[in-house]
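J.: Got a structure here, written out as structure tokens. Questions coming.
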Amino acid sequence: MIKLDTKNTGVKHKNLDREITKLKKKKEALFLKPWKQDISEILAFAHKAQKKYQDIVVIGIGGSIFGAKTLFETLKHPYWNLNENPRMLFFDNLDASQILDLGDVINKEKTLFVIVSKSGETLEIMEIVKFLIPALKKKFGGKWNNHVVAVTEKNSGKLYKL
């Protein structure tokens, strides 16, 4: 049940505090303190990518792409992609014409594809991967993987293995 928390002017789940306390006791609530996680490697990679790539194409479906897209749209100027680099492009559907037309507007030499699938098995994402990876191998040969990052669960799923 969702109720309005008038003291904090936010929305609060009735049992959320109780459930979080249970998870903390089991040490399963580490995700609740992301500021205590070491993300220095991720930040270092992001800073290099920002300088190296002109376009960053994020590919995902539903919740896998929603967070990144929402942060970008919230924190960046609405016309960021017209004047700034790297441009951020988000694909959250399987419209083949959009994917094919992308080649007309990006500099393939300076594009990073970020493929996001929590399970690494999402059918829609794996269909895009089946199209994208051979195209990158054809374009870049053995250095194709310099243009792809996979965000997925560790040690599971086809995307992680790839």
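Naming scheme: A, B, ... for chains in displayed order of the structure tokens; residues 1 onward per chain; ligands 1 onward as shown.
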How close does each residue of stretch 83-123 of chain A get to stretch 52-71 of chain A, giving the shortest atom pair and distance in Å to one decimal for every residue with an atom at most 6 Å away, counting only C-alpha atoms, sorted by chain and residue number, as a tab-separated table?

T.:
residue	atom	partner	partner_atom	distance
A:Asn85	CA	A:Gln54	CA	5.6
A:Pro86	CA	A:Gln54	CA	4.5
A:Arg87	CA	A:Asp55	CA	4.7
A:Met88	CA	A:Ile56	CA	5.0
A:Leu89	CA	A:Val57	CA	4.7
A:Phe90	CA	A:Val58	CA	4.8
A:Phe91	CA	A:Ile59	CA	4.8
A:Asp92	CA	A:Ile61	CA	4.8
A:Lys110	CA	A:Tyr53	CA	4.6
A:Thr111	CA	A:Asp55	CA	4.7
A:Leu112	CA	A:Ile56	CA	4.8
A:Phe113	CA	A:Val57	CA	4.8
A:Val114	CA	A:Val58	CA	4.7
A:Ile115	CA	A:Ile59	CA	4.9
A:Val116	CA	A:Gly60	CA	5.0
A:Ser117	CA	A:Ser64	CA	5.9

J.: Identify all residues of stretch 23-104 of chain A in helix (DSSP H, G or I) (DSSP on the backbone) and supply them as a ChimeraX atom specification.

T.: /A:23-25,30-32,34-36,40-52,63-75,80-83,96-102

J.: Go through stretch 86-147 of chain A and collect every residue that DSSP, computed from the backbone, puts in strand (DSSP E); the answer should be as a ChimeraX atom specification.

T.: /A:87-91,111-116

J.: For the residues in that selection, give me C-alpha atoms as a short mmCIF file (atom, residue, chain, number, x, y, z; two decimals), in the first residue's frame.

T.:
data_model
loop_
_atom_site.label_atom_id
_atom_site.label_comp_id
_atom_site.auth_asym_id
_atom_site.auth_seq_id
_atom_site.Cartn_x
_atom_site.Cartn_y
_atom_site.Cartn_z
CA ARG A 87 26.33 12.72 -27.60
CA MET A 88 24.13 10.28 -25.71
CA LEU A 89 21.72 8.22 -27.77
CA PHE A 90 19.27 5.77 -26.19
CA PHE A 91 17.67 2.78 -27.89
CA THR A 111 31.21 5.47 -31.03
CA LEU A 112 30.85 3.37 -27.89
CA PHE A 113 27.88 1.00 -27.60
CA VAL A 114 26.72 0.31 -24.05
CA ILE A 115 24.53 -2.78 -23.97
CA VAL A 116 22.49 -3.12 -20.79
#

J.: When you count only C-alpha atoms, which of these residues is closest to A:Lys139: A:Arg18, A:Lys108, A:Lys118, A:Lys158?

T.: A:Lys108

J.: Which of these residues is nearest to A:Val105, using only C-alpha atoms: A:Asn146, A:Thr74, A:Thr152, A:Asn81?

T.: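 Among the listed residues, the smallest separation from A:Val105 belongs to A:Asn81.
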
J.: Can you tell me, as number ranges by chain, what residues are no more than 12 Å from A:Asn155 when counting only C-alpha atoms, ignoring any on the same chain fewer than 5 positions away?

T.: A: 118-120, 160-162

J.: Convert the current residue selection to file output with C-alpha atoms, as a CSV table (one decimal), in the first residue's frame.

T.:
chain,number,residue,atom,x,y,z
A,118,LYS,CA,20.5,-7.3,-16.0
A,119,SER,CA,20.1,-11.0,-16.8
A,120,GLY,CA,22.3,-10.9,-19.9
A,160,TYR,CA,28.4,-11.7,-19.9
A,161,LYS,CA,30.0,-14.6,-21.7
A,162,LEU,CA,30.3,-12.6,-24.9

J.: Which of these residues is nearest to A:Val129, using only C-alpha atoms: A:Glu153, A:Leu43, A:Leu102, A:Leu159?

T.: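 Distance minimum relative to A:Val129 lands on A:Leu159.
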
J.: Report, in Å to a single decimal, how far apart atom CA of A:Lys154 and atom CA of A:Ile42 are.

T.: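 So the answer is 14.9 Å.
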